[in-house]
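Structure file structure17.csv (CSV, C-alpha atoms) follows.
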```csv
chain,number,residue,atom,x,y,z
A,1,MET,CA,-236.7,29.9,-49.7
A,2,THR,CA,-240.3,29.9,-48.7
A,3,THR,CA,-242.1,26.8,-47.4
A,4,CYS,CA,-245.6,26.7,-48.9
A,5,VAL,CA,-248.6,26.1,-46.7
A,6,ALA,CA,-249.6,23.0,-48.7
A,7,GLY,CA,-246.2,21.5,-48.1
A,8,LEU,CA,-246.6,22.0,-44.4
A,9,LEU,CA,-249.8,20.0,-44.5
A,10,LEU,CA,-247.9,16.9,-45.7
A,11,CYS,CA,-247.6,14.4,-42.8
A,12,ALA,CA,-244.0,13.5,-42.3
A,13,SER,CA,-245.0,10.3,-40.4
A,14,SER,CA,-246.7,8.8,-43.5
A,15,ARG,CA,-245.5,8.2,-47.0
A,16,ALA,CA,-247.3,9.0,-50.2
A,17,GLU,CA,-248.1,6.0,-52.3
A,18,VAL,CA,-245.3,5.7,-54.8
A,19,SER,CA,-245.2,2.9,-57.4
A,20,ARG,CA,-242.2,1.8,-59.3
A,21,ILE,CA,-242.1,3.2,-62.8
A,22,ALA,CA,-241.6,1.0,-65.9
A,23,VAL,CA,-241.5,1.5,-69.6
A,24,SER,CA,-244.9,1.0,-71.2
A,25,LYS,CA,-245.5,-2.1,-73.4
A,26,ASP,CA,-245.7,0.1,-76.5
A,27,GLY,CA,-242.3,1.6,-75.8
A,28,ARG,CA,-243.7,5.1,-76.1
A,29,GLY,CA,-243.8,6.2,-72.4
A,30,PHE,CA,-244.0,5.1,-68.8
A,31,VAL,CA,-246.5,3.4,-66.5
A,32,GLU,CA,-246.9,2.9,-62.8
A,33,VAL,CA,-246.1,-0.8,-62.2
A,34,ASP,CA,-248.8,-1.3,-59.4
A,35,SER,CA,-251.7,0.4,-61.2
A,36,GLY,CA,-250.7,0.3,-64.8
A,37,LYS,CA,-251.6,4.0,-65.1
A,38,ARG,CA,-249.7,6.2,-67.5
A,39,PHE,CA,-247.0,8.2,-65.9
A,40,ILE,CA,-245.7,11.5,-67.5
A,41,PRO,CA,-242.5,12.5,-65.8
A,42,TRP,CA,-241.9,16.2,-65.5
A,43,GLY,CA,-240.2,18.4,-62.9
A,44,PHE,CA,-236.9,20.0,-62.2
A,45,ASN,CA,-233.1,19.7,-62.1
A,46,TYR,CA,-232.1,20.5,-58.6
A,47,ASP,CA,-228.4,20.7,-59.5
A,48,ARG,CA,-227.5,23.7,-57.4
A,49,ASP,CA,-229.1,26.6,-55.4
A,50,TYR,CA,-229.4,30.2,-56.4
A,51,ARG,CA,-226.1,30.9,-54.6
A,52,MET,CA,-224.3,28.5,-57.0
A,53,ARG,CA,-223.8,25.9,-54.3
A,54,LEU,CA,-223.9,22.2,-55.3
A,55,LEU,CA,-226.3,20.1,-53.2
A,56,GLU,CA,-223.5,18.3,-51.3
A,57,GLU,CA,-222.2,21.7,-50.2
A,58,TYR,CA,-225.2,22.5,-48.0
A,59,TRP,CA,-227.3,19.4,-47.5
A,60,GLU,CA,-225.6,18.5,-44.2
A,61,THR,CA,-225.5,21.9,-42.6
A,62,GLU,CA,-228.7,23.3,-44.1
A,63,TRP,CA,-231.0,20.3,-44.3
A,64,PRO,CA,-234.1,22.5,-43.8
A,65,THR,CA,-233.2,24.4,-47.0
A,66,VAL,CA,-233.2,21.1,-48.9
A,67,GLU,CA,-236.5,20.0,-47.3
A,68,GLY,CA,-238.1,23.3,-48.0
A,69,ASP,CA,-236.9,23.4,-51.7
A,70,PHE,CA,-238.3,19.9,-52.2
A,71,ARG,CA,-241.7,20.9,-50.8
A,72,GLU,CA,-241.7,23.9,-53.0
A,73,MET,CA,-241.1,21.8,-56.1
A,74,LYS,CA,-243.8,19.4,-55.0
A,75,ASP,CA,-246.2,22.3,-54.5
A,76,LEU,CA,-245.4,23.6,-58.0
A,77,GLY,CA,-246.6,20.2,-59.3
A,78,ALA,CA,-243.3,18.4,-60.0
A,79,ARG,CA,-243.4,14.6,-60.3
A,80,VAL,CA,-239.6,14.1,-60.8
A,81,VAL,CA,-236.6,15.8,-59.3
A,82,ARG,CA,-233.1,15.3,-60.8
A,83,VAL,CA,-230.3,15.4,-58.4
A,84,HIS,CA,-226.6,15.4,-59.4
A,85,LEU,CA,-224.3,13.4,-57.1
A,86,GLN,CA,-220.6,14.4,-57.1
A,87,PHE,CA,-218.2,11.5,-57.3
A,88,GLY,CA,-215.7,13.2,-55.0
A,89,ARG,CA,-218.2,13.6,-52.3
A,90,PHE,CA,-219.3,10.0,-52.4
A,91,MET,CA,-216.0,8.1,-52.7
A,92,GLU,CA,-213.1,8.3,-50.2
A,93,SER,CA,-210.9,6.1,-52.3
A,94,PRO,CA,-211.4,4.0,-55.5
A,95,ASP,CA,-213.1,1.3,-53.6
A,96,ARG,CA,-214.4,2.9,-50.4
A,97,PRO,CA,-217.6,5.0,-50.4
A,98,HIS,CA,-218.1,7.9,-48.1
A,99,GLU,CA,-220.7,6.6,-45.5
A,100,LYS,CA,-221.7,10.1,-44.4
A,101,SER,CA,-222.8,11.1,-47.9
A,102,LEU,CA,-224.7,7.8,-48.3
A,103,ALA,CA,-226.5,8.6,-45.1
A,104,GLN,CA,-227.5,12.0,-46.5
A,105,LEU,CA,-228.7,10.3,-49.7
A,106,THR,CA,-230.8,8.0,-47.6
A,107,LYS,CA,-232.3,11.0,-45.9
A,108,LEU,CA,-233.1,12.5,-49.3
A,109,LEU,CA,-234.8,9.3,-50.4
A,110,LYS,CA,-237.0,9.3,-47.3
A,111,LEU,CA,-238.0,12.9,-47.9
A,112,SER,CA,-238.9,12.1,-51.5
A,113,GLU,CA,-240.9,9.1,-50.4
A,114,GLU,CA,-242.9,11.3,-47.9
A,115,LEU,CA,-243.6,13.9,-50.6
A,116,GLY,CA,-244.5,11.4,-53.3
A,117,LEU,CA,-241.6,12.6,-55.6
A,118,ARG,CA,-239.6,10.4,-57.8
A,119,LEU,CA,-235.9,11.0,-58.3
A,120,ASP,CA,-233.7,11.0,-61.4
A,121,ILE,CA,-230.4,10.2,-59.7
A,122,THR,CA,-227.5,11.4,-61.9
A,123,GLY,CA,-224.1,10.2,-60.8
A,124,LEU,CA,-220.4,10.5,-61.4
A,125,ALA,CA,-220.6,14.3,-61.5
A,126,SER,CA,-217.3,16.3,-61.1
A,127,TYR,CA,-218.8,19.7,-61.8
A,128,ARG,CA,-216.6,21.7,-59.4
A,129,HIS,CA,-213.0,21.0,-60.2
A,130,SER,CA,-211.8,21.8,-56.6
A,131,ASP,CA,-213.9,18.9,-55.3
A,132,VAL,CA,-212.4,16.3,-57.6
A,133,PRO,CA,-209.9,14.1,-55.7
A,134,LYS,CA,-206.4,14.2,-57.2
A,135,TRP,CA,-206.2,10.4,-57.0
A,136,TYR,CA,-209.3,10.2,-59.1
A,137,ASP,CA,-207.9,12.3,-62.0
A,138,ALA,CA,-204.6,10.3,-61.8
A,139,LEU,CA,-206.3,6.9,-62.5
A,140,ASP,CA,-206.0,5.4,-65.9
A,141,GLU,CA,-209.0,4.3,-67.9
A,142,GLU,CA,-209.3,0.8,-66.4
A,143,HIS,CA,-209.0,1.9,-62.8
A,144,ARG,CA,-211.2,5.0,-63.3
A,145,TRP,CA,-213.9,2.8,-64.8
A,146,ALA,CA,-213.5,0.4,-61.8
A,147,ALA,CA,-213.9,3.3,-59.3
A,148,GLN,CA,-216.9,4.6,-61.2
A,149,ALA,CA,-218.5,1.1,-61.0
A,150,ASN,CA,-217.8,1.1,-57.3
A,151,PHE,CA,-219.6,4.4,-57.0
A,152,TRP,CA,-222.7,3.0,-58.7
A,153,GLU,CA,-222.6,-0.1,-56.6
A,154,ALA,CA,-222.7,2.1,-53.4
A,155,ILE,CA,-225.5,4.3,-54.8
A,156,ALA,CA,-227.6,1.4,-56.0
A,157,LYS,CA,-227.2,-0.5,-52.8
A,158,THR,CA,-228.4,2.6,-50.9
A,159,CYS,CA,-231.3,3.2,-53.2
A,160,ALA,CA,-232.5,-0.3,-54.0
A,161,ASP,CA,-235.3,-0.4,-51.5
A,162,SER,CA,-236.6,3.1,-52.0
A,163,SER,CA,-239.8,3.7,-54.0
A,164,ALA,CA,-238.6,7.3,-54.7
A,165,VAL,CA,-236.1,6.4,-57.4
A,166,MET,CA,-237.5,6.5,-60.9
A,167,PHE,CA,-234.2,5.9,-62.6
A,168,TYR,CA,-230.5,6.2,-62.6
A,169,ASP,CA,-228.7,8.5,-65.0
A,170,LEU,CA,-225.2,7.0,-65.4
A,171,ILE,CA,-223.4,10.2,-66.2
A,172,ASN,CA,-224.1,13.8,-67.4
A,173,GLU,CA,-223.2,14.5,-71.1
A,174,PRO,CA,-220.4,12.0,-71.6
A,175,LEU,CA,-217.8,12.3,-74.3
A,176,VAL,CA,-215.4,10.0,-76.2
A,177,PRO,CA,-212.3,11.9,-77.5
A,178,ASN,CA,-211.4,12.0,-81.1
A,179,GLY,CA,-207.9,10.6,-80.5
A,180,LYS,CA,-206.5,12.0,-77.2
A,181,THR,CA,-207.4,14.6,-74.7
A,182,ASP,CA,-205.4,15.8,-71.6
A,183,LYS,CA,-208.2,16.3,-69.1
A,184,TRP,CA,-211.3,14.4,-68.0
A,185,MET,CA,-213.7,17.3,-67.7
A,186,THR,CA,-214.8,20.0,-70.1
A,187,GLY,CA,-218.0,22.0,-71.0
A,188,HIS,CA,-217.3,24.9,-68.6
A,189,LEU,CA,-220.3,27.1,-67.8
A,190,GLU,CA,-220.2,29.7,-65.0
A,191,ALA,CA,-218.6,27.9,-62.0
A,192,PHE,CA,-218.9,24.3,-63.2
A,193,ASP,CA,-217.6,21.7,-65.8
A,194,TYR,CA,-220.6,19.7,-67.0
A,195,CYS,CA,-219.2,17.3,-69.6
A,196,GLN,CA,-216.9,14.4,-69.0
A,197,TYR,CA,-214.7,12.1,-71.0
A,198,ILE,CA,-214.8,8.4,-70.3
A,199,THR,CA,-211.3,7.9,-71.6
A,200,LEU,CA,-208.4,10.2,-72.4
A,201,ASP,CA,-207.2,8.1,-75.4
A,202,SER,CA,-209.4,6.3,-77.9
A,203,ARG,CA,-206.4,4.3,-79.1
A,204,GLY,CA,-208.0,3.8,-82.5
A,205,ARG,CA,-211.0,2.0,-81.0
A,206,ASN,CA,-214.5,2.4,-82.3
A,207,ARG,CA,-216.1,5.2,-80.3
A,208,ASP,CA,-219.5,3.5,-80.1
A,209,GLU,CA,-217.9,0.3,-78.8
A,210,ILE,CA,-216.0,2.3,-76.1
A,211,SER,CA,-219.2,3.8,-74.9
A,212,ARG,CA,-221.1,0.5,-75.0
A,213,GLN,CA,-218.4,-1.2,-72.9
A,214,TRP,CA,-218.4,1.6,-70.4
A,215,VAL,CA,-222.2,1.5,-70.1
A,216,ARG,CA,-222.3,-2.3,-69.6
A,217,LYS,CA,-219.8,-2.0,-66.7
A,218,MET,CA,-221.9,0.7,-65.0
A,219,VAL,CA,-225.2,-1.1,-65.6
A,220,ALA,CA,-223.7,-4.4,-64.2
A,221,ALA,CA,-222.6,-2.5,-61.0
A,222,ILE,CA,-226.2,-1.2,-60.5
A,223,ARG,CA,-227.9,-4.5,-61.3
A,224,ALA,CA,-225.9,-6.3,-58.7
A,225,HIS,CA,-228.0,-4.5,-56.1
A,226,ASP,CA,-231.0,-3.0,-58.0
A,227,PRO,CA,-232.2,-5.4,-60.7
A,228,LYS,CA,-235.4,-3.6,-61.9
A,229,ARG,CA,-234.9,0.1,-61.8
A,230,LEU,CA,-234.7,2.0,-65.0
A,231,ILE,CA,-231.3,3.2,-66.3
A,232,SER,CA,-230.5,6.0,-68.8
A,233,ILE,CA,-227.9,8.6,-69.6
A,234,GLY,CA,-228.2,12.4,-70.1
A,235,LEU,CA,-227.0,12.7,-73.7
A,236,LEU,CA,-225.9,15.7,-75.6
A,237,PRO,CA,-228.3,16.9,-78.4
A,238,ASN,CA,-226.6,14.9,-81.1
A,239,ASP,CA,-223.6,12.8,-81.9
A,240,GLN,CA,-221.2,15.7,-82.0
A,241,SER,CA,-221.0,18.0,-79.0
A,242,THR,CA,-220.4,21.8,-79.2
A,243,TYR,CA,-216.9,21.2,-77.8
A,244,GLY,CA,-215.7,19.5,-81.0
A,245,GLU,CA,-215.7,16.0,-79.7
A,246,ALA,CA,-218.1,13.1,-80.0
A,247,GLY,CA,-220.8,12.5,-77.5
A,248,PHE,CA,-222.4,9.1,-77.0
A,249,SER,CA,-224.4,8.1,-80.0
A,250,ALA,CA,-228.1,7.6,-79.3
A,251,LYS,CA,-228.2,4.8,-81.8
A,252,ALA,CA,-225.4,3.0,-79.9
A,253,MET,CA,-227.1,3.6,-76.6
A,254,VAL,CA,-230.7,2.6,-77.4
A,255,GLY,CA,-229.9,-1.1,-77.1
A,256,GLU,CA,-228.0,-0.6,-73.8
A,257,LEU,CA,-230.4,1.6,-71.9
A,258,ASP,CA,-234.1,1.3,-70.8
A,259,PHE,CA,-234.9,4.7,-72.4
A,260,LEU,CA,-233.0,7.8,-73.7
A,261,CYS,CA,-232.6,11.2,-72.2
A,262,THR,CA,-231.4,14.3,-74.1
A,263,HIS,CA,-230.7,17.9,-73.2
A,264,LEU,CA,-232.2,20.5,-75.5
A,265,TYR,CA,-232.1,24.3,-75.3
A,266,PRO,CA,-234.2,25.6,-78.2
A,267,ASP,CA,-233.0,28.6,-80.2
A,268,ALA,CA,-235.7,31.0,-81.3
A,269,LYS,CA,-234.2,31.1,-84.8
A,270,LYS,CA,-234.0,27.3,-85.1
A,271,LEU,CA,-237.2,25.9,-83.6
A,272,ASP,CA,-237.9,23.5,-86.5
A,273,GLU,CA,-234.3,22.2,-86.3
A,274,ILE,CA,-234.6,21.4,-82.6
A,275,GLN,CA,-237.7,19.3,-83.3
A,276,ARG,CA,-235.7,17.4,-86.0
A,277,THR,CA,-232.9,16.8,-83.4
A,278,LEU,CA,-235.4,15.4,-80.9
A,279,LYS,CA,-236.9,13.2,-83.6
A,280,GLY,CA,-233.5,11.6,-84.0
A,281,PHE,CA,-233.7,10.2,-80.5
A,282,ASP,CA,-237.0,8.6,-81.2
A,283,LEU,CA,-235.6,5.1,-81.7
A,284,GLY,CA,-238.3,2.8,-80.3
A,285,LYS,CA,-237.9,3.6,-76.6
A,286,PRO,CA,-239.2,6.6,-74.6
A,287,VAL,CA,-237.3,9.9,-74.6
A,288,ILE,CA,-237.1,12.4,-71.8
A,289,VAL,CA,-236.0,15.9,-72.4
A,290,GLU,CA,-233.9,16.0,-69.2
A,291,GLU,CA,-232.7,19.6,-69.5
A,292,MET,CA,-234.4,22.6,-71.0
A,293,TYR,CA,-234.6,26.3,-70.3
A,294,PRO,CA,-235.4,29.5,-72.2
A,295,ILE,CA,-231.7,30.6,-72.7
A,296,ALA,CA,-232.1,31.4,-76.4
A,297,CYS,CA,-235.8,31.5,-76.8
A,298,SER,CA,-238.8,33.0,-74.9
A,299,SER,CA,-240.9,31.2,-72.3
A,300,ASP,CA,-243.8,31.0,-74.7
A,301,GLN,CA,-241.6,29.5,-77.4
A,302,LEU,CA,-240.4,26.8,-74.9
A,303,VAL,CA,-243.9,26.0,-74.0
A,304,ASP,CA,-244.7,25.6,-77.7
A,305,PHE,CA,-241.6,23.4,-78.0
A,306,ILE,CA,-243.1,21.1,-75.3
A,307,ASP,CA,-246.4,20.9,-77.2
A,308,ARG,CA,-244.7,20.2,-80.6
A,309,SER,CA,-242.4,17.6,-79.0
A,310,ARG,CA,-245.1,15.4,-77.6
A,311,ASP,CA,-245.0,13.0,-80.6
A,312,HIS,CA,-241.4,12.1,-79.7
A,313,ALA,CA,-240.9,13.0,-76.0
A,314,ALA,CA,-242.5,11.3,-73.0
A,315,GLY,CA,-241.2,13.7,-70.3
A,316,TRP,CA,-239.7,17.1,-69.6
A,317,ILE,CA,-237.4,18.3,-66.8
A,318,SER,CA,-236.4,22.0,-66.4
A,319,PHE,CA,-234.6,23.7,-63.4
A,320,TYR,CA,-235.4,24.9,-59.9
A,321,TRP,CA,-232.7,26.7,-57.8
A,322,GLY,CA,-234.5,27.2,-54.5
A,323,GLN,CA,-236.5,30.4,-55.2
A,324,THR,CA,-240.3,30.4,-55.8
A,325,PRO,CA,-241.8,32.6,-58.5
A,326,ALA,CA,-243.0,35.0,-55.7
A,327,GLU,CA,-239.5,35.4,-54.4
A,328,LEU,CA,-238.0,35.8,-57.9
A,329,HIS,CA,-240.6,38.5,-58.7
A,330,LYS,CA,-239.1,40.6,-55.8
A,331,SER,CA,-235.7,40.7,-57.5
A,332,LYS,CA,-234.6,43.4,-59.8
A,333,GLN,CA,-232.3,41.1,-61.8
A,334,PRO,CA,-233.5,40.4,-65.4
A,335,ALA,CA,-232.5,36.8,-65.1
A,336,ASP,CA,-234.7,36.3,-62.1
A,337,ALA,CA,-237.6,37.8,-64.0
A,338,ILE,CA,-237.1,35.4,-66.8
A,339,LEU,CA,-236.9,32.4,-64.4
A,340,ALA,CA,-240.1,33.5,-62.6
A,341,ASP,CA,-242.0,33.8,-65.8
A,342,TRP,CA,-240.8,30.5,-67.0
A,343,LEU,CA,-241.6,28.7,-63.8
A,344,VAL,CA,-245.1,29.9,-63.8
A,345,LYS,CA,-245.7,29.1,-67.5
A,346,PHE,CA,-243.9,25.7,-67.3
A,347,THR,CA,-245.7,24.4,-64.2
A,348,SER,CA,-249.1,25.7,-65.4
A,349,HIS,CA,-248.7,24.0,-68.7
A,350,MET,CA,-247.4,20.8,-67.4
A,351,ARG,CA,-250.3,20.6,-64.9
A,352,GLU,CA,-252.6,20.6,-67.9
A,353,ILE,CA,-250.7,17.9,-69.7
A,354,ALA,CA,-250.2,15.8,-66.6
A,355,PRO,CA,-252.6,16.8,-63.8
A,356,VAL,CA,-251.3,16.4,-60.3
A,357,PRO,CA,-252.8,13.2,-58.8
A,358,ALA,CA,-255.1,13.8,-55.8
A,359,HIS,CA,-253.9,12.6,-52.4
```

What does the file become when written as C-alpha cells?
Amino acid sequence: MTTCVAGLLLCASSRAEVSRIAVSKDGRGFVEVDSGKRFIPWGFNYDRDYRMRLLEEYWETEWPTVEGDFREMKDLGARVVRVHLQFGRFMESPDRPHEKSLAQLTKLLKLSEELGLRLDITGLASYRHSDVPKWYDALDEEHRWAAQANFWEAIAKTCADSSAVMFYDLINEPLVPNGKTDKWMTGHLEAFDYCQYITLDSRGRNRDEISRQWVRKMVAAIRAHDPKRLISIGLLPNDQSTYGEAGFSAKAMVGELDFLCTHLYPDAKKLDEIQRTLKGFDLGKPVIVEEMYPIACSSDQLVDFIDRSRDHAAGWISFYWGQTPAELHKSKQPADAILADWLVKFTSHMREIAPVPAH
C-alpha cells in the first residue's frame, strides 16, 4: 500500500462538503440534495485486500492500511466505495450488536467524510464460513429475519447522522430456493461464499412475495433510524442465478427499493447480450452496475461496455484491493498486470464521464 501525496494534503481536521444523494426527479439518475447537481456514482468495491482478508479481519489492528487504501481510492478519482459488513462480526447474539465493530464503522464513516467519499454499505454478509456464528445458521426463517433486521437497525442507527453514506445495500446477491435447500450460503468463489438464501424452504409460497416481505422487514428496520437514505440490493444479472436457483426479481424489487443495483461481468463473446440484460433492469428507476471486472473480456471491452450502458445505467462500481497501479506493475503475476491495466483505463475513463469536483 502506498499513500499518495495528494492524499496526505487532505486536512484531517476538516471535512469535505458532502451532500446527501437522492434520486433525480426524472428517475434516471442521482442528484446532490443541497445543490441539485447531477451526481454520477462510480468507484470501487473494497470487499477484501490483496491478501484475501475481509475488512473486519484487519481494520482494528491495521487501521493505517484502511486509511491509506481509502486515500488511494480517492486519489484515483472514486466517488463511492462499497464496503461489505459481515453479520457475524457485527452481531454477538440475535438481538445484541457488537459495539466494538460499530465503533470501527463510526471510524470509517468519519474517514469517508474527511475524504469526501460516499459509502455503499452492503450488509448481512457471511462470506467466510468460519466467521458465521453457529447460532445464526441454526435460526429458523422467522428468527433469522428478526436477527437480520436487528443488524440493520444497529447499522442504520450508527450511520444515520453521517453524510458519507450514499445508500444501504440490504444484501449481496440474495436467492429464494426452488423448494428446499439445506444451507444458507452458496456461490463459492476462491475463499468466500457470496450468495445467500433468505429462506431454506419456500413452502409453496410465491418467490416474489417472499422476497418482498423480507425486503419490507429490512427497510422498516433501517427507516426506524434513518428515514431518508437510499436503499437498494445487489441483484444477480437476471431472475435465474448461475447456481440453478432464483435470484430476486428486478420487477418485484423496483417497487420496494429506491433504485436497482446489478452485478455484470461481460463476456467478450456475448457483449450484445449483456447490454440486453442491463436493459431489463431499466424499469423507471436508476440502475447502478455495482460489480464489474474484466474476467471474461478485455479492459478495452469493459470500457466500451460502460459507454454502451449509459442509456440504462447511472453508475459503475469496480474493485480495489489495496494496491495501486504502480505497485501492481511491479508484480510478475498476470492477474496483477490485468488489474493494473484495468484500474488505469477505468479511472481515466470515468474521470472523463464524471470529472472529479475541485476542492

Near-Thr158 (chain A) list (7 Å; all atoms listed in the file; drop same-chain fewer than 4 positions) as a list in words: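 The filter keeps Leu102, Thr106 and Ala154 of chain A.
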
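Distance-wise, CA of Tyr136 (chain A) and CA of Ile171 (chain A) end up 15.8 Å apart.
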
Sel. within 8 Å of pt (-231.3, 9.4, -66.4), counting all atoms listed in the file, output as a ChimeraX atom specification: /A:120-122,167-171,231-234,260-261,290

Residues within 9 Å of Arg28 (chain A), only C-alpha atoms, excluding chain neighbours under 6 positions, as a VMD selection string: chain A and resid 284 to 287 312 to 314

Point-to-point distance from CA of Cys159 (chain A) to CA of Arg96 (chain A), Å rounded to tenths: 17.1 Å

Surrounding residues of Tyr50 (chain A) excluding itself and chain neighbours under 2 positions, 9 Å, all atoms listed in the file, as a VMD selection string: chain A and resid 48 52 to 53 320 to 323

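If you look at CA of Thr262 (chain A) and CA of Leu235 (chain A), they are 4.7 Å away from each other.
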
From the coordinates supplied, region 331-356 of chain A should be written with C-alpha atoms, as a PDB file, in the first residue's frame.
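Saved the output as out_3.pdb:
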```pdb
ATOM      1  CA  SER A 331       4.388  -7.789  -9.892  1.00  0.00           C
ATOM      2  CA  LYS A 332       5.157 -10.629 -12.284  1.00  0.00           C
ATOM      3  CA  GLN A 333       1.710 -12.162 -11.860  1.00  0.00           C
ATOM      4  CA  PRO A 334      -0.542 -11.972 -14.966  1.00  0.00           C
ATOM      5  CA  ALA A 335      -3.597 -11.237 -12.831  1.00  0.00           C
ATOM      6  CA  ASP A 336      -1.856  -8.195 -11.337  1.00  0.00           C
ATOM      7  CA  ALA A 337      -0.995  -6.906 -14.797  1.00  0.00           C
ATOM      8  CA  ILE A 338      -4.656  -7.224 -15.832  1.00  0.00           C
ATOM      9  CA  LEU A 339      -5.791  -5.386 -12.695  1.00  0.00           C
ATOM     10  CA  ALA A 340      -3.245  -2.595 -13.173  1.00  0.00           C
ATOM     11  CA  ASP A 341      -4.300  -2.098 -16.776  1.00  0.00           C
ATOM     12  CA  TRP A 342      -7.956  -2.071 -15.801  1.00  0.00           C
ATOM     13  CA  LEU A 343      -7.519   0.393 -12.927  1.00  0.00           C
ATOM     14  CA  VAL A 344      -5.745   2.864 -15.203  1.00  0.00           C
ATOM     15  CA  LYS A 345      -8.293   2.600 -18.002  1.00  0.00           C
ATOM     16  CA  PHE A 346     -11.342   2.558 -15.726  1.00  0.00           C
ATOM     17  CA  THR A 347     -10.354   5.558 -13.632  1.00  0.00           C
ATOM     18  CA  SER A 348      -9.165   7.553 -16.632  1.00  0.00           C
ATOM     19  CA  HIS A 349     -12.420   6.934 -18.481  1.00  0.00           C
ATOM     20  CA  MET A 350     -14.653   7.641 -15.511  1.00  0.00           C
ATOM     21  CA  ARG A 351     -12.855  10.931 -14.854  1.00  0.00           C
ATOM     22  CA  GLU A 352     -13.931  11.946 -18.349  1.00  0.00           C
ATOM     23  CA  ILE A 353     -17.540  10.909 -17.765  1.00  0.00           C
ATOM     24  CA  ALA A 354     -17.720  12.343 -14.246  1.00  0.00           C
ATOM     25  CA  PRO A 355     -14.889  14.822 -13.632  1.00  0.00           C
ATOM     26  CA  VAL A 356     -13.606  14.953 -10.077  1.00  0.00           C
TER      27      VAL A 356
END
```
